[in-house]
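Q: I have a structure here, written as structure tokens, and I will follow up with some questions on it.
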Amino acid sequence: MEPVDALDARLLQALAAEPRATVVALAERLGLARNTVQARLARLEDRGVLGDFGRRIEPAALGHPLRAYVTTRVDQRRLSEVTTALARIPEVVEVVGLAGDDDLLVQVVARDADALYTIAGSLLAVPGVERTSTALVMRQLVPFRLDPLLERRAGT
């Protein structure tokens with residue numbers, strides 16, 4: 001993905017500060033023409049720069065206050081099959097591939113400890129999963145953030 005330019009970074013900063021801002025409000029805040037802002041937003045969406053709205057929803061609001069990361073080792077010949085099966089488990093909210101001793105990092109959410117135990121068992125039951133190790137998130141210390149990178153890119 002091609003990096004955004006300084007103006008796009010400023011637009012993303014303004015959008016992050018006020019996610020419900022209209023195109024007109026963003027244009028006024030940045031001192032740009034409405035058409036310029038609208039065209040840039042469309043281009044950012046087309047390029048996949050703007051993530052989906054679902055990432056902003058807290059799992060706790062859906063009755064899943066526990067979060068855990070599960071490192072997973074898989075039979076490499078079955079990687080596609082494993083990721084397809086993991087995607088079918090509703091409590092699996094993200095899966096990323098890793099370099100190193102483990103192959104996948106699976107983020108899961110759960111209603112409580114009993115539900116987490118069941119979810120962990122579901123992961124182990126997936127054909128091709130060889131081993132897992134679960135780490136419960138006790139507290140988020142630094143939330144997901146991009147503001148410092150946006151500031152650097154925008155030159156502010």
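Naming scheme: A, B, ... for chains in displayed order of the structure tokens; residues 1 onward per chain; ligands 1 onward as shown.
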Compile the contact shell of Ala87 (chain A) as a ChimeraX atom specification: residues with an atom at most 12 Å away, counting only C-alpha atoms, same-chain residues fewer than 4 positions apart removed.

A: /A:80-83,91-96,106-108,122-123,126

Q: Do you know which residues are at most 9 Å from Leu26 (chain A) counting only C-alpha atoms, after dropping those on the same chain fewer than 6 positions away, and could you put them as a list in words?

A: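 Answer for this query is Leu11, Ala14, Leu15, Glu18, Leu32, Arg34 and Val37 of chain A.
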
Q: Could you tell me which of A:Val74, A:Val49, A:Leu141, A:Leu12 comes closest to Leu105 (chain A) if we count only C-alpha atoms?

A: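 Smallest separation from Leu105 (chain A) among the options: A:Val74.
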
Q: Excluding region 142-151 of chain A and its own-chain neighbours fewer than 3 positions away, which residues fall within 9 Å of it when counting only C-alpha atoms? Please give them as a VMD selection string.

A: chain A and resid 6 9 to 10 12 to 13 16 154 to 156

Q: Can you tell me, as a short mmCIF file (atom, residue, chain, number, x, y, z; two decimals) with C-alpha atoms, in the first residue's frame, what residues are no more than 12 Å from Leu62 (chain A) when counting only C-alpha atoms, ignoring any on the same chain fewer than 3 positions away?

A:
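Okay, this is what ended up in around_8.cif:
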data_model
loop_
_atom_site.label_atom_id
_atom_site.label_comp_id
_atom_site.auth_asym_id
_atom_site.auth_seq_id
_atom_site.Cartn_x
_atom_site.Cartn_y
_atom_site.Cartn_z
CA GLY A 54 -16.55 -2.73 13.33
CA ILE A 57 -17.02 -1.39 18.62
CA GLU A 58 -15.95 -2.61 22.05
CA PRO A 59 -16.54 -6.38 22.47
CA PRO A 65 -15.56 -8.39 28.22
CA LEU A 66 -12.67 -10.90 28.28
CA PRO A 90 -17.65 -15.99 16.18
CA GLU A 91 -15.42 -15.22 19.19
CA VAL A 109 -13.18 -12.47 23.08
CA ALA A 110 -15.33 -14.25 25.66
CA ARG A 111 -18.24 -13.70 28.04
#

Q: Hey, what's within 9 Å of Ala135 (chain A) if we count only C-alpha atoms and toss same-chain stuff fewer than 5 positions away? As number ranges by chain, please?

A: A: 67-71

Q: What is the CA of His64 (chain A)-CA of Pro19 (chain A) distance in Å, reported with one decimal?

A: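 Atom-to-atom, CA of His64 (chain A) and CA of Pro19 (chain A) are spaced 24.5 Å apart.
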
Q: Please compute the CA of Gly51 (chain A)-CA of Met138 (chain A) distance, one decimal, in Å.

A: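 Atom-to-atom, CA of Gly51 (chain A) and CA of Met138 (chain A) are spaced 26.1 Å apart.
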
Q: Could you tell me, as a PyMOL selection string, which residues of region 11-122 of chain A DSSP assigns to alpha helix (DSSP H) when given the backbone?

A: chain A and resi 11-17+23-30+34-46+79-87+113-122

Q: May I ask which of the residues A:Thr36, A:Pro127, A:Glu2, A:Arg20 is the closest one to Thr84 (chain A), counting only C-alpha atoms?

A: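 Among the listed residues, the smallest separation from Thr84 (chain A) belongs to A:Pro127.
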